[in-house]
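For reference, the structure discussed in these notes is given below.
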Amino acid sequence: MSTAAAAILKTIDGDEVPLRGVSASGRLTGLLFELTVEQIFENAGKKNIEAVYTFPVPHRAVLLGLDLEIGERKLSGVAVRRKVASERYEEAIDEGNTAALLEQAGDGLYTLSLGNLLAGERAVIRYRYAELLDRHEDYIRLCVPTVIAPRYGEAAAHGLQPHQVPGVDLLASYPFSLAIDVLGDQAGAALSSPTHLIAVSTIEGGKRIVLGAGAALDRDFILQLTGAVTASASVTARNGDGYVSLVSLDPQLREETLRSLCLKLVVDCSGSMAGDSIAQARRALLAVLGRLTPADAVSLTRFGSNFEHLMAPGADVPGEPARSVLSRVRGKPRAPKPGGAMATASPPTVEWFRHAVREMDADLGGTELEGALQAVMAIPTPDAGVKDLLLITDGEVWAVEQVVDQAARAGHRLFVVAVGAAPAESLARQLSEKTGGACEFVSPNEDIEGAILRMFQRLREAPKRVTKVEWPVTPDWEVPVPAMVFSGDTLHLLAGFRTKPTGDVRVTISGAACGEMQLRCAAGDPVDLAILPRVAAARRLASLEDEEAGALAEQYQLVSRQTSFVVVQVRAEGEKAETLPELKAVGQMLAAGWGATGRLADMPALSLSGSLMAPRASMDMPSPSFDRQMARESSTYGSRASYGGGWFKRAFSPVDFSLRSYLKSGLAPHCSPQDLLAALARDVTEGNPLPTTLTALVERGFPAHLLEQLAALVESESHEESDVVCVCIALLARSAAGAGLSIENRAVLEGTVMTDRTLRSVRAAVQPLLANVTATSWETLESPEEQDS
């Protein structure tokens, strides 16, 4: 990477951005894709920093490792329980050491924190992931996501911590390089990319794909393999003393008679769809309408901040006499109104819909997907058969879990076509997987008609399920199979065994229209493939209870909802950071073509010279770099700590003036540290609130002379009183005085204090005051009164 390229990486305010660029190298063997990604960070400023970067990873990928390289030192991370990893990271930062933490921020989103990168230092973060790809007939689509497009809603309300929320820096331009080796039989496929210029060369055992110069992190990289090998395959690998088997089947289940459809069409017309995405949506809808027959029933709804049911005047409603209806029925997402109806897909009705689609634009504001789906699913259907919903969207919403849960309960199969340069994969995957549907992803330069053809093949099939899987020997465990099976789509089966599985795997697939069909594939001989047991373990996590999932993720060293990677570089005494780091959040590049900011579909990804063709607009946006103290005082980054069973907003309140007179009166009682914690534990058990003020703390028996020192922290250093009290209780619970607490009570008393990054300075100030506390004694600095006596 050139120095010139790094020099332009500044925010609008002129601050240096610590991310210098990203490079990746991978290999595709069969349907198993492995990728190693290097993120290069450099502190070009004069202050110690903490770089925080949230980035995307494929929804079904398995993160396998984290390495930190600074100078000559190379360290590897370890996956431990999420809270333990955060505590180790925070302790390292407090002690002046350098540390890296890789945690899951959401489905397909991960946050890297690199703390105590000193002035002038350069660090390389290296992580690895693996993904089992799908194939449809002879077509494979490989995606390397690189950017998170802006999403609708409040990220914090859906599980992301303030430091994890990805912002956008319109001036950012991060260089990106990529090389992928396609090995074995798949190297015979035709290779192409609709998103980037690539160079293809022949290597031993396959082909190598390299990105053209000038690529950046502003769009997902897509590699298409056409004419890929389609035969079913099996592989077995050692797993400790046992074995893990993967069987990838290629079911051909077409029926001669295709079923008629009861299809509800839903299209995203929010502002983020403007430009390339809405153009793709129009083409997709026209392709759908062109494949309907008069035997089908159809409805069309578009949505944004509200929704509109589009209805053809005079359309025939199945089960009702012909009638004239309003051309549009509007409603707010949270209060669906009646009026939507299925219409027979007669030629006049289809032509009216075609006209409405051609006039459709991204002009409905926000992305209230949950309410729109609720309204569409409430539209009556002509019979009690299979109800299908085809959704076309970029998926850019934060409320993924709520939308998926609602859809799973509604009795509809959801088929999703996700469009744009960086669609939210997790929403499309989960909606389709949880409801028995399917999904397709289409970038602006991809063949959307081909995607619709594949989707219609699935829609026209009668529903089929896997009803039995017979392995050669009885497995110890199996990964749950998909809810539905579609002809031509890969079916992956994974299971673990104590003894080597030898013989055929028999899979029975059943459907109302086709009866029972059986597929067979011989279990493969054991090979050296250490990655397979870890991929299998990751696919088991979703079906396990939280504690069991956490133990499995630790055993196989995986990042998950329960575990994170952490690595610490212990510095020599003279090399430690002397101050807490200034947080610098790395902003995202704006996804190419997002919200009509350019037209990716009208241009190649790169010019012949390799420079970016899309100009980046300059807008007045806040800098992603901010001071920690400012972050604590900011409403945007204001922290909340889970404490005492409730949520307490941190708001500065002066120390109660009556406290000093109460302390000086000599009436303030005090008890031993373990007795104080026992009293607080009783409060937890009885559901009483824990102290959040110094007055309440001293009334519980905290010693007066320590209270005066805590009060000084509030008054002289402007620490918030509730913060000081929360930290004090948490540190006591972690001290020798807390040895007698139950695990549950200690967890409540600690809350999130030890991992809350906004409380680092408070912890650093309070810790020395409690350094010598024992179970029975508050041995610490003497009070002024004791010194006088």
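Each chain of the structure tokens is named A, B, ... in the order shown, its residues numbered from 1; ligands are numbered from 1 in display order.
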
Q: Could you pull out the residues in region 110-252 of chain A that DSSP calls helix (DSSP H, G or I) from the backbone, as a list in words?
A: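 Output for region 110-252 of chain A, helix (DSSP H, G or I) only: Ala155, Ala156, Ala157, His158, Pro162, His163, Gln164, Gly184, Asp185, Gln186, Ala187 and Gly188 of chain A.
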
- [ ] Would you kindly return, as a list in words, each protein, DNA or RNA residue with an atom no farther than 6 Å from any atom of Ala362 (chain A), considering only C-alpha atoms and excluding same-chain residues fewer than 4 positions away?
- [x]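 Contacts, in chain order: Cys269, Ser270, Gly271, Met273 and Ala274 of chain A.
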
Selection export as a compact mmCIF listing (two decimals), in the first residue's frame, atoms kept: N, CA and C atoms:
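Output file again_25.txt follows:
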# COMPACT_ATOMS: atom_id res chain seq x y z
N CYS A 269 -39.81 0.52 -0.92
CA CYS A 269 -39.72 1.80 -1.62
C CYS A 269 -39.23 2.89 -0.67
N SER A 270 -38.40 2.50 0.31
CA SER A 270 -37.83 3.48 1.24
C SER A 270 -36.71 4.26 0.55
N GLY A 271 -36.24 5.32 1.20
CA GLY A 271 -35.24 6.18 0.60
C GLY A 271 -33.94 5.49 0.28
N MET A 273 -33.48 2.75 -1.01
CA MET A 273 -33.59 1.99 -2.26
C MET A 273 -33.44 2.88 -3.50
N ALA A 274 -33.31 4.18 -3.33
CA ALA A 274 -33.24 5.10 -4.48
C ALA A 274 -32.03 4.75 -5.35

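Minimum atom-to-atom distance to Val527 (chain A), evaluated using only C-alpha atoms, belongs to A:Ser234 out of A:Asp394, A:Ala421, A:Ser234, A:Leu690.
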
* Asked: Of the residues A:Lys264, A:Arg534, A:Arg757, A:Arg141, which is the one nearest to His412 (chain A), using only C-alpha atoms?
  ->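 Going through A:Lys264, A:Arg534, A:Arg757, A:Arg141 one by one, the smallest distance to His412 (chain A) is for A:Lys264.
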
I want to know what sits within 10 Å of Leu749 (chain A), based on only C-alpha atoms, with residues of the same chain fewer than 4 positions away left out; could you give that as a list in words?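 After dropping sequence-adjacent residues, the list is Ser642, Tyr643, Gly644, Gly645, Leu677, Leu680, Ala681, Val684, Leu690, Cys726, Val727, Cys728, Ile729, Ala730, Leu731, Leu732, Ala733, Arg734, Gly738, Leu741, Glu744, Asn745 and Val753 of chain A.
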
Write to file, as a short mmCIF file (atom, residue, chain, number, x, y, z; two decimals), in the first residue's frame, the residues of the selection just made, with all heavy atoms.
data_model
loop_
_atom_site.label_atom_id
_atom_site.label_comp_id
_atom_site.auth_asym_id
_atom_site.auth_seq_id
_atom_site.Cartn_x
_atom_site.Cartn_y
_atom_site.Cartn_z
N SER A 642 -26.19 -2.19 33.34
CA SER A 642 -27.17 -3.09 33.94
C SER A 642 -26.77 -3.26 35.40
O SER A 642 -25.73 -3.79 35.71
CB SER A 642 -27.12 -4.44 33.23
OG SER A 642 -28.03 -5.33 33.82
N TYR A 643 -27.63 -2.81 36.28
CA TYR A 643 -27.20 -2.72 37.67
C TYR A 643 -28.40 -2.91 38.59
O TYR A 643 -29.40 -2.23 38.47
CB TYR A 643 -26.57 -1.35 37.90
CG TYR A 643 -25.96 -1.17 39.27
CD1 TYR A 643 -24.88 -1.94 39.66
CD2 TYR A 643 -26.47 -0.26 40.16
CE1 TYR A 643 -24.32 -1.79 40.91
CE2 TYR A 643 -25.92 -0.10 41.42
CZ TYR A 643 -24.84 -0.87 41.78
OH TYR A 643 -24.29 -0.72 43.02
N GLY A 644 -28.30 -3.88 39.49
CA GLY A 644 -29.35 -4.09 40.47
C GLY A 644 -30.68 -4.48 39.85
O GLY A 644 -31.73 -4.17 40.39
N GLY A 645 -30.65 -5.15 38.70
CA GLY A 645 -31.87 -5.59 38.07
C GLY A 645 -32.57 -4.51 37.28
O GLY A 645 -33.63 -4.74 36.73
N LEU A 677 -21.48 -6.39 51.72
CA LEU A 677 -21.86 -7.12 50.51
C LEU A 677 -23.00 -8.10 50.78
O LEU A 677 -23.87 -8.30 49.93
CB LEU A 677 -20.64 -7.87 49.94
CG LEU A 677 -19.56 -6.99 49.31
CD1 LEU A 677 -18.35 -7.83 48.94
CD2 LEU A 677 -20.10 -6.27 48.07
N LEU A 680 -26.12 -6.10 50.67
CA LEU A 680 -26.49 -5.77 49.30
C LEU A 680 -27.02 -6.99 48.57
O LEU A 680 -27.94 -6.89 47.74
CB LEU A 680 -25.27 -5.20 48.56
CG LEU A 680 -24.73 -3.86 49.09
CD1 LEU A 680 -23.48 -3.46 48.33
CD2 LEU A 680 -25.79 -2.77 48.98
N ALA A 681 -26.46 -8.17 48.86
CA ALA A 681 -26.95 -9.40 48.25
C ALA A 681 -28.39 -9.69 48.67
O ALA A 681 -29.19 -10.17 47.88
CB ALA A 681 -26.04 -10.57 48.61
N VAL A 684 -30.61 -7.68 46.60
CA VAL A 684 -30.79 -8.28 45.28
C VAL A 684 -31.84 -9.38 45.35
O VAL A 684 -32.75 -9.46 44.51
CB VAL A 684 -29.45 -8.84 44.76
CG1 VAL A 684 -29.66 -9.68 43.50
CG2 VAL A 684 -28.47 -7.71 44.49
N LEU A 690 -30.45 -1.23 44.58
CA LEU A 690 -29.12 -1.05 45.14
C LEU A 690 -28.79 0.43 45.22
O LEU A 690 -29.39 1.25 44.51
CB LEU A 690 -28.09 -1.77 44.27
CG LEU A 690 -28.17 -3.30 44.30
CD1 LEU A 690 -27.24 -3.89 43.25
CD2 LEU A 690 -27.81 -3.84 45.68
N CYS A 726 -21.55 2.75 41.61
CA CYS A 726 -21.61 1.48 40.88
C CYS A 726 -20.25 0.81 40.82
O CYS A 726 -20.11 -0.39 41.06
CB CYS A 726 -22.13 1.71 39.46
SG CYS A 726 -23.86 2.21 39.36
N VAL A 727 -19.22 1.57 40.50
CA VAL A 727 -17.87 1.03 40.40
C VAL A 727 -17.38 0.53 41.75
O VAL A 727 -16.76 -0.53 41.86
CB VAL A 727 -16.90 2.08 39.81
CG1 VAL A 727 -15.46 1.64 39.97
CG2 VAL A 727 -17.22 2.32 38.34
N CYS A 728 -17.66 1.29 42.79
CA CYS A 728 -17.23 0.91 44.13
C CYS A 728 -17.83 -0.44 44.53
O CYS A 728 -17.12 -1.33 45.03
CB CYS A 728 -17.65 1.99 45.13
SG CYS A 728 -17.10 1.67 46.81
N ILE A 729 -19.11 -0.63 44.30
CA ILE A 729 -19.76 -1.89 44.66
C ILE A 729 -19.21 -3.04 43.81
O ILE A 729 -18.96 -4.14 44.32
CB ILE A 729 -21.29 -1.77 44.50
CG1 ILE A 729 -21.85 -0.79 45.54
CG2 ILE A 729 -21.97 -3.13 44.63
CD1 ILE A 729 -23.32 -0.51 45.39
N ALA A 730 -19.00 -2.79 42.53
CA ALA A 730 -18.48 -3.84 41.65
C ALA A 730 -17.08 -4.28 42.06
O ALA A 730 -16.77 -5.47 42.09
CB ALA A 730 -18.48 -3.35 40.20
N LEU A 731 -16.22 -3.31 42.40
CA LEU A 731 -14.86 -3.64 42.82
C LEU A 731 -14.87 -4.40 44.14
O LEU A 731 -14.06 -5.32 44.35
CB LEU A 731 -14.02 -2.38 42.94
CG LEU A 731 -13.67 -1.68 41.61
CD1 LEU A 731 -12.96 -0.36 41.87
CD2 LEU A 731 -12.81 -2.58 40.73
N LEU A 732 -15.75 -4.03 45.05
CA LEU A 732 -15.87 -4.78 46.31
C LEU A 732 -16.29 -6.21 46.04
O LEU A 732 -15.77 -7.16 46.66
CB LEU A 732 -16.89 -4.10 47.23
CG LEU A 732 -16.41 -2.88 48.00
CD1 LEU A 732 -17.57 -2.26 48.77
CD2 LEU A 732 -15.28 -3.24 48.96
N ALA A 733 -17.26 -6.41 45.13
CA ALA A 733 -17.74 -7.75 44.83
C ALA A 733 -16.64 -8.62 44.23
O ALA A 733 -16.64 -9.84 44.42
CB ALA A 733 -18.93 -7.68 43.87
N ARG A 734 -15.68 -8.00 43.54
CA ARG A 734 -14.58 -8.75 42.92
C ARG A 734 -13.41 -8.95 43.88
O ARG A 734 -12.47 -9.68 43.55
CB ARG A 734 -14.10 -8.02 41.67
CG ARG A 734 -15.07 -8.05 40.53
CD ARG A 734 -14.60 -7.16 39.39
NE ARG A 734 -13.36 -7.62 38.81
CZ ARG A 734 -13.26 -8.51 37.82
NH1 ARG A 734 -14.37 -9.04 37.33
NH2 ARG A 734 -12.10 -8.86 37.32
N GLY A 738 -15.80 -10.41 48.54
CA GLY A 738 -16.91 -11.00 47.81
C GLY A 738 -16.80 -12.50 47.63
O GLY A 738 -17.60 -13.09 46.90
N LEU A 741 -20.02 -14.58 48.14
CA LEU A 741 -21.21 -14.32 47.34
C LEU A 741 -21.52 -15.47 46.40
O LEU A 741 -20.61 -16.16 45.92
CB LEU A 741 -21.03 -13.03 46.52
CG LEU A 741 -20.92 -11.71 47.29
CD1 LEU A 741 -20.52 -10.60 46.32
CD2 LEU A 741 -22.23 -11.37 47.98
N GLU A 744 -24.61 -15.79 41.14
CA GLU A 744 -25.69 -14.94 40.64
C GLU A 744 -25.63 -13.54 41.27
O GLU A 744 -25.74 -12.52 40.58
CB GLU A 744 -27.05 -15.58 40.92
CG GLU A 744 -27.31 -16.87 40.16
CD GLU A 744 -26.62 -18.08 40.79
OE1 GLU A 744 -26.07 -17.93 41.92
OE2 GLU A 744 -26.62 -19.15 40.16
N ASN A 745 -25.44 -13.49 42.60
CA ASN A 745 -25.39 -12.19 43.28
C ASN A 745 -24.17 -11.39 42.88
O ASN A 745 -24.23 -10.17 42.71
CB ASN A 745 -25.43 -12.38 44.79
CG ASN A 745 -26.82 -12.75 45.29
OD1 ASN A 745 -27.81 -12.53 44.59
ND2 ASN A 745 -26.90 -13.32 46.49
N VAL A 753 -20.12 -3.11 34.88
CA VAL A 753 -19.16 -2.08 35.27
C VAL A 753 -17.75 -2.40 34.78
O VAL A 753 -17.02 -1.53 34.30
CB VAL A 753 -19.18 -1.88 36.80
CG1 VAL A 753 -17.97 -1.09 37.26
CG2 VAL A 753 -20.46 -1.17 37.22
#

From the list A:Cys439, A:Cys521, A:Ile148, A:Val22, which residue is nearest Asp134 (chain A) when using only C-alpha atoms?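 Comparing A:Cys439, A:Cys521, A:Ile148, A:Val22 against Asp134 (chain A), the winner is A:Cys439.
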